[in-house]
Amino acid sequence: MDRYEPLKIEQKWQKIWEKEESFKASEEEGRPKMMLAEMFPYPSGAGLHVGHVRNFTIVDVLTRFYRQQRLNVLRPFGYDTFGLPAENYAIKTGTAPQEVTKENIANFRKQAKKLGYAIDWSREINTSDPEYYKWTQWCFLQLYKKGLAYQKESYQWWCPEDQTVLANEQVENGKCWRCGHEVEKKKMKQWFFKITEYADELLDEIDNLEWPEKIKTMQKNWIGRSVGSEIEFKLTGTNSITVFTTRPDTILGATFIVVAPEYAGLEYIVAEDCRDEVMKYKAEALKKSEIERQENKEKTGVFTGAYAVNPATKEKIPIWVADYVLVGYGTGAIMAVPAYDERDREFAEKFDLPVVEAELIDRDLYGTPKVMYKMRDWLISRQRYWGCPIPIAYDKEGNPHPIPEDQLPVMLPEIKDYEPDASGRSALAKAKDWLKVEIDGEEMTRETDTLDGYACSSWYLWRYASPHDTKAAWDAEAIKYWEPVDYYCGADHAVAHLLYIRFWCKFFADMGYLPFREPIKRLLYNGYINAPDGKKMSKSKGNVIDPLDVINDGYGADTLRTYEMFIGPYDLDAAWDTRSVGGVYRFLNRCYNLLEGKQSDSVPSGDGSLRPVVTGEAPSFSVVTSESPREEAIGLLQTRHKTIKKVTEDIHRYSFNTAVAALMEYVNELYKSGAEKEDLIVLAKLLKPFAPHLASEMLERLDSDDEWPKWDEKYLVADTVELVVQVNGKLRAKFEVSVDDLEDEDKIVKMVLDDKKVQKYTESGVKKTIFVKKAKLVNIVV
RNA sequence: GCCCGAAUGGCGGAAUUGGUAUACGCGAGCGACUUAAAAUCGCUUCCCGACAGGGGUAUGGGUUCAAGUCCCAUUUCGGGCACCA
């Protein structure tokens with residue numbers, strides 16, 4: 001009689017899966033397909049953490065669940081490898097990012113295999129592989145051709161620590177998302193993707209997605225559509241200022257104009273005697289960090305000395321400059337209506353400007369209707385080395401030219417010095433030979449900026465369909481078969497990645513390259529796993545749980561996986577509890593011991609009656625000695641089918657923790673009543689998505705396939721049910737009644753009212769009775 | 001400030017459509033096995049009460065025969081956005 005030795009069993013099955021390429025998927029007509037993926041990881045040097053394990057295991061449970069239901073399932077895997085950590089490591093140690101990345105990938109792959117994931121390893125992708133980024137560059141060129149990749153000189157977020165610009169989505173509370181350093185505004189010429197072109201569709205289609213409401217709301221708020229008008233205010237002379245307002249009906253109350261400090265026409269507006277003061281204010285505003293602007297909401301501003309004419313009142317109103325007006329939204333200028341707008345009122349009060357309680361007028365009288373979005377175009381150039389080179393070169397006049405598609409990929413050259421500087425150019429500027437390129441006989445200089453890593457991850461789900469395709473980014477037929485992705489699981493990137501990938505999908509659908517307009521059918525957004533103290537795990541706090549330690553301590557991957565599914569609802573944060581891991585291990589151990597018991601006493605029952613099961617490790621195991629084995633068998637059959645139903649339905653609604661709990665109950669039940677071989681088969685099949693190694697071992701020894709079991713409702717209906725009797729809503733009695741009697745309300749009610757125990761509570765007289773057949777319940781109102 | 005989400009035993013959590021609150025696990029206690037310990041197996045475990053019974057899902061109200069679940073208000077915690085005109 002051997003013990004449950006997870007490491008031994010797991011190694012055995014991982015070898016088998018590797019050798020047989022068990023999870024390789026291919027297109028196959030006639031079987032429904034199912035494609036699942038997690039947000040592919042950035043392979044850091046630290047290896048997998050428990051958060052990855054939760055994320056990947058959710059995908060794996062669903063993958064195996066659908067495989068066992070004999071769907072044609074694709075579950076690929078990949079690595080998001082461009083980015084700052086590898087580059088910063090390279091600067092620090094001199095190791096090429098290419099090398100570090102290779103090592104990290106190898107480590108991640110090894111660890112993922114140790115967890116027994118049902119991954120089609122033949123489809124592995126890596127965004128820093130030239131075979132991959134060649135097609136990232138191709139995607140860029142398609143956007144460029146349609147004018148959706150363009151250059152613009154304007155004030156950008158600049159991180160002085162990382163020496164690069166950042167997209168809006170990458171600035172969090174005025175700080176860089178990567179290093180946490182305060183960002184600055186810097187005027188630079190940069191590349192953008194015109195995501196705003198799709199703002200309306202991105203917003204309108206959110207409601208049709210099977211995504212968590214939380215994410216849908218965040219995306220809606222991020223896009224932030226406002227319907228309003230643009231209104232022109234004439235200045236003295238030939239100039240004019242156009243403002244955007246959502247309240248054109250309040251124009252009679254517009255008593256002054258405010259423009260942003262960065263407002264483009266500011267220097268032409270400002271009166272000579274105010275110029276010095278205005279320019280000083282502008283310089284100070286630009287210097288102010290975003291943090292300062294956010295923390296200090298005290299209104300500041302100066303008068304420009306200029307006036308405009310309110311087209312509705314014909315009054316001359318002053319033009320001010322203030323940093324509470326943002327240059328990036330609307331026209332960078334507003335008409336201030338202090339009577340209706342709190343911010344304008346605050347400003348008016350501080351600077352003693354007139355407040356007029358004017359009446360409202362027809363919205364369309366003085367302006368042209370206009371829709372505005374909070375979302376800005378996506379800034380995609382980065383002044384860093386370790387990224388996908390932008391396939392552009394400049395002629396002598398500085399005009400950009402696309403690198404011809406047949407010259408892709410633009411290889412990222414290997415260099416010695418990765419250090420960025422404040423020049424606004426990446427370290428690639430130092431690769432003198434690489435910089436030179438000839439296009440149509442003309443000598444040109446390459447773009448030295450690289451693409452935002454989010455560009456690389458905006459199309460990788462489609463690459464999974466044909467990962468080794470050398471002729472196209474993705475194969476049209478393969479895409480049509482596998483995608484859109486049925487389940488996508490992640491714990492981050494609610495607005496950035498998940499918005500960008502929707503944008504690219506719509507673009508490539510318009511180009512005829514994709515037969516769908518939304519890339520992800522269902523999104524599962526899982527919670528974080530925190531340290532046992534409830535705080536975020538971090539190296540500096542020393543509270544990190546290493547999943548590989550959990551495995552190697554002897555618990556094994558099955559325990560780790562099952563524990564992380566049992567830890568709580570998948571979408572909520574949870575705190576690690578080492579002692580509970582032991583509880584899950586005990587559960588799997590009990591499953592194994594059932595198997596061992598069955599083996600030791602595997603006399604076929606023949607007549608369908610129960611056979612007692614005794615475990616090797618547990619000599620005091622209870623043994624069925626029922627007088628009427630038939631009745632026991634029916635009870636067990638009911639438990640079996642009840643469990644099949646519960647686990648199946650729970651996985652369908654992503655309630656993994658209760659699915660595991662149901663399996664635990666089943667095992668407890670089998671310990672009490674004994675188990676038939678069929679019970680062990682059902683148990684192993686239901687267990688397999690969570691603990692695939694142990695389940696495979698059980699199924700092999702039981703000589704069974706792994707096809708997902710079906711329940712039969714007929715076994716769920718017992719002859720008798722428990723009837724609950726409430727008096728005034730309080731539980732007072734329980735009766736065992738036959739199912740037939742449950743159909744007869746009069747009979748049930750009479751029986752209940754005639755009962756002595758019930759009568760103790762109904763002496764004051766019965767007002768009415770309510771019988772609920774479905775709930776098997778009678779409520780007596782007295 | 002605005003928008004979401006949450007609050008249930010000593011702890012993580014369950015209760016799927018308004019119908020038996022606390023499934024499952026942890027922890028704790030008791031017992032069996034053992035020379036002993038570990039492991040394993042069994043039992044107990046919301047609170048008050050000897051029992052009868054009573055109370056109980058953050059707080060206060062409401063709807064209902066019936067509320068953890070629905071409605072109103074409040075408190076606390078978590079997340080997102082944050083001068084977007």
# chains A, B, ... in the order shown; residues from 1 in each chain; ligands from 1

call {"tool": "residues_around", "arguments": {"residues": "stretch 58-60 of chain B", "least_positions_apart": "6", "cutoff": "9 Å", "atoms": "only C-alpha atoms (C1' of nucleotides)", "output": "PyMOL selection string"}}
result
chain B and resi 7+73-76

call {"tool": "residues_around", "arguments": {"residues": "B:C72", "least_positions_apart": "5", "cutoff": "12 Å", "atoms": "only C-alpha atoms (C1' of nucleotides)", "output": "list of chain:residue names"}}
result
B:G60, B:G61, B:G62, B:U63

call {"tool": "closest_residue", "arguments": {"among": "A:Asp120, A:Asp200, A:Asp573, A:Asp486", "to": "A:Glu18", "atoms": "only C-alpha atoms"}}
result
A:Asp120

call {"tool": "interface_residues", "arguments": {"of": "chain B", "to": "chain A", "cutoff": "6 Å", "atoms": "only C-alpha atoms (C1' of nucleotides)", "output": "list of chain:residue names"}}
result
B:G19, B:C24, B:C26, B:U40, B:C41, B:A66, B:C83, B:C84, B:A85

call {"tool": "write_last_selection", "arguments": {"atoms": "N, CA, C and O atoms (P, O5', C5', C4', C3', O3' and C1' of nucleotides)", "output": "compact mmCIF listing (two decimals), in the first residue's frame"}}
result
# COMPACT_ATOMS: atom_id res chain seq x y z
P G B 19 -34.56 32.64 -1.63
O5' G B 19 -35.37 31.89 -0.49
C5' G B 19 -35.35 32.36 0.84
C4' G B 19 -36.01 31.36 1.72
C3' G B 19 -35.75 29.92 1.33
O3' G B 19 -35.70 29.16 2.51
C1' G B 19 -38.07 30.34 1.24
P C B 24 -19.97 20.54 5.64
O5' C B 24 -18.78 21.03 4.72
C5' C B 24 -18.56 20.46 3.44
C4' C B 24 -17.41 21.16 2.75
C3' C B 24 -16.17 21.33 3.63
O3' C B 24 -15.38 20.16 3.69
C1' C B 24 -16.66 23.38 2.61
P C B 26 -9.39 21.33 7.21
O5' C B 26 -8.86 22.73 7.74
C5' C B 26 -7.72 23.33 7.14
C4' C B 26 -7.51 24.70 7.73
C3' C B 26 -7.27 24.74 9.23
O3' C B 26 -5.95 24.37 9.56
C1' C B 26 -8.81 26.42 8.64
P U B 40 -3.11 13.75 8.16
O5' U B 40 -3.88 12.38 8.37
C5' U B 40 -3.82 11.37 7.38
C4' U B 40 -4.43 10.10 7.90
C3' U B 40 -5.87 10.22 8.38
O3' U B 40 -6.78 10.18 7.30
C1' U B 40 -4.62 9.04 9.98
P C B 41 -8.10 11.01 7.36
O5' C B 41 -8.98 10.15 8.38
C5' C B 41 -9.42 8.85 8.02
C4' C B 41 -10.12 8.21 9.18
C3' C B 41 -11.21 9.05 9.83
O3' C B 41 -12.43 9.00 9.10
C1' C B 41 -9.83 8.16 11.51
P A B 66 -44.16 38.81 6.98
O5' A B 66 -43.02 37.79 6.53
C5' A B 66 -42.55 36.82 7.46
C4' A B 66 -41.54 35.94 6.79
C3' A B 66 -40.36 36.68 6.17
O3' A B 66 -39.39 36.95 7.15
C1' A B 66 -41.19 35.07 4.65
P C B 83 -8.28 66.46 -12.53
O5' C B 83 -9.42 67.44 -13.03
C5' C B 83 -10.75 67.23 -12.58
C4' C B 83 -11.44 68.55 -12.53
C3' C B 83 -11.52 69.25 -13.87
O3' C B 83 -12.81 69.79 -14.04
C1' C B 83 -10.52 70.66 -12.26
P C B 84 -13.99 68.78 -14.53
O5' C B 84 -13.54 68.38 -16.00
C5' C B 84 -13.64 69.30 -17.05
C4' C B 84 -13.77 68.56 -18.37
C3' C B 84 -14.73 67.38 -18.32
O3' C B 84 -15.45 67.34 -19.53
C1' C B 84 -12.56 66.64 -18.92
P A B 85 -17.01 67.23 -19.42
O5' A B 85 -17.41 68.73 -19.10
C5' A B 85 -17.51 69.64 -20.13
C4' A B 85 -17.63 71.02 -19.56
C3' A B 85 -17.64 72.10 -20.63
O3' A B 85 -18.94 72.37 -21.09
C1' A B 85 -15.97 72.57 -19.05

call {"tool": "atom_distance", "arguments": {"atom1": "atom CA of A:Asp712", "atom2": "atom CA of A:Arg67"}}
result
21.1 Å

call {"tool": "atom_distance", "arguments": {"atom1": "atom CA of A:Ile644", "atom2": "atom CA of A:Asp60"}}
result
19.1 Å

call {"tool": "closest_residue", "arguments": {"among": "A:Lys642, A:His493, A:Arg586, A:His49", "to": "A:Ile545", "atoms": "only C-alpha atoms"}}
result
A:His49

call {"tool": "select_by_dssp", "arguments": {"residues": "stretch 59-97 of chain A", "states": "strand (DSSP E or B)", "output": "JSON, numbers by chain"}}
result
{"A": [72, 73, 74, 78, 79]}

call {"tool": "write_last_selection", "arguments": {"atoms": "C-alpha atoms", "output": "compact mmCIF listing (two decimals), in the first residue's frame"}}
result
# COMPACT_ATOMS: atom_id res chain seq x y z
CA ASN A 72 -11.76 21.06 -29.64
CA VAL A 73 -9.85 23.19 -27.21
CA LEU A 74 -6.93 25.53 -27.83
CA GLY A 78 3.31 33.22 -24.73
CA TYR A 79 5.61 35.81 -23.26

call {"tool": "atom_distance", "arguments": {"atom1": "atom CA of A:Thr81", "atom2": "atom CA of A:Thr127"}}
result
5.8 Å

call {"tool": "closest_residue", "arguments": {"among": "B:A21, B:C11, B:C30, B:C4", "to": "B:G68", "atoms": "only C-alpha atoms (C1' of nucleotides)"}}
result
B:A21

call {"tool": "residues_around", "arguments": {"residues": "B:A28", "least_positions_apart": "5", "cutoff": "12 Å", "atoms": "only C-alpha atoms (C1' of nucleotides)", "output": "mmCIF file with N, CA and C atoms (P, O5', C5', C4', C3', O3' and C1' of nucleotides), in the first residue's frame"}}
result
data_model
loop_
_atom_site.group_PDB
_atom_site.id
_atom_site.type_symbol
_atom_site.label_atom_id
_atom_site.label_comp_id
_atom_site.auth_asym_id
_atom_site.auth_seq_id
_atom_site.Cartn_x
_atom_site.Cartn_y
_atom_site.Cartn_z
ATOM 1 P P G B 10 -17.257 35.175 16.761
ATOM 2 O "O5'" G B 10 -15.767 34.650 16.597
ATOM 3 C "C5'" G B 10 -14.732 35.222 17.385
ATOM 4 C "C4'" G B 10 -13.389 34.805 16.848
ATOM 5 C "C3'" G B 10 -13.258 34.713 15.339
ATOM 6 O "O3'" G B 10 -13.121 35.971 14.731
ATOM 7 C "C1'" G B 10 -12.231 32.836 16.332
ATOM 8 P P C B 11 -13.711 36.235 13.264
ATOM 9 O "O5'" C B 11 -12.636 35.544 12.326
ATOM 10 C "C5'" C B 11 -11.357 36.114 12.143
ATOM 11 C "C4'" C B 11 -10.580 35.261 11.165
ATOM 12 C "C3'" C B 11 -11.227 35.095 9.791
ATOM 13 O "O3'" C B 11 -10.989 36.204 8.953
ATOM 14 C "C1'" C B 11 -10.539 32.991 10.581
ATOM 15 P P U B 44 -20.984 15.608 15.650
ATOM 16 O "O5'" U B 44 -20.413 16.640 16.706
ATOM 17 C "C5'" U B 44 -20.909 16.662 18.038
ATOM 18 C "C4'" U B 44 -20.190 17.710 18.845
ATOM 19 C "C3'" U B 44 -20.215 19.111 18.248
ATOM 20 O "O3'" U B 44 -21.434 19.775 18.538
ATOM 21 C "C1'" U B 44 -18.014 18.605 18.965
ATOM 22 P P U B 45 -22.020 20.758 17.430
ATOM 23 O "O5'" U B 45 -21.026 21.989 17.519
ATOM 24 C "C5'" U B 45 -20.896 22.729 18.729
ATOM 25 C "C4'" U B 45 -19.764 23.714 18.599
ATOM 26 C "C3'" U B 45 -19.811 24.585 17.350
ATOM 27 O "O3'" U B 45 -20.716 25.665 17.512
ATOM 28 C "C1'" U B 45 -17.604 23.788 17.680
#
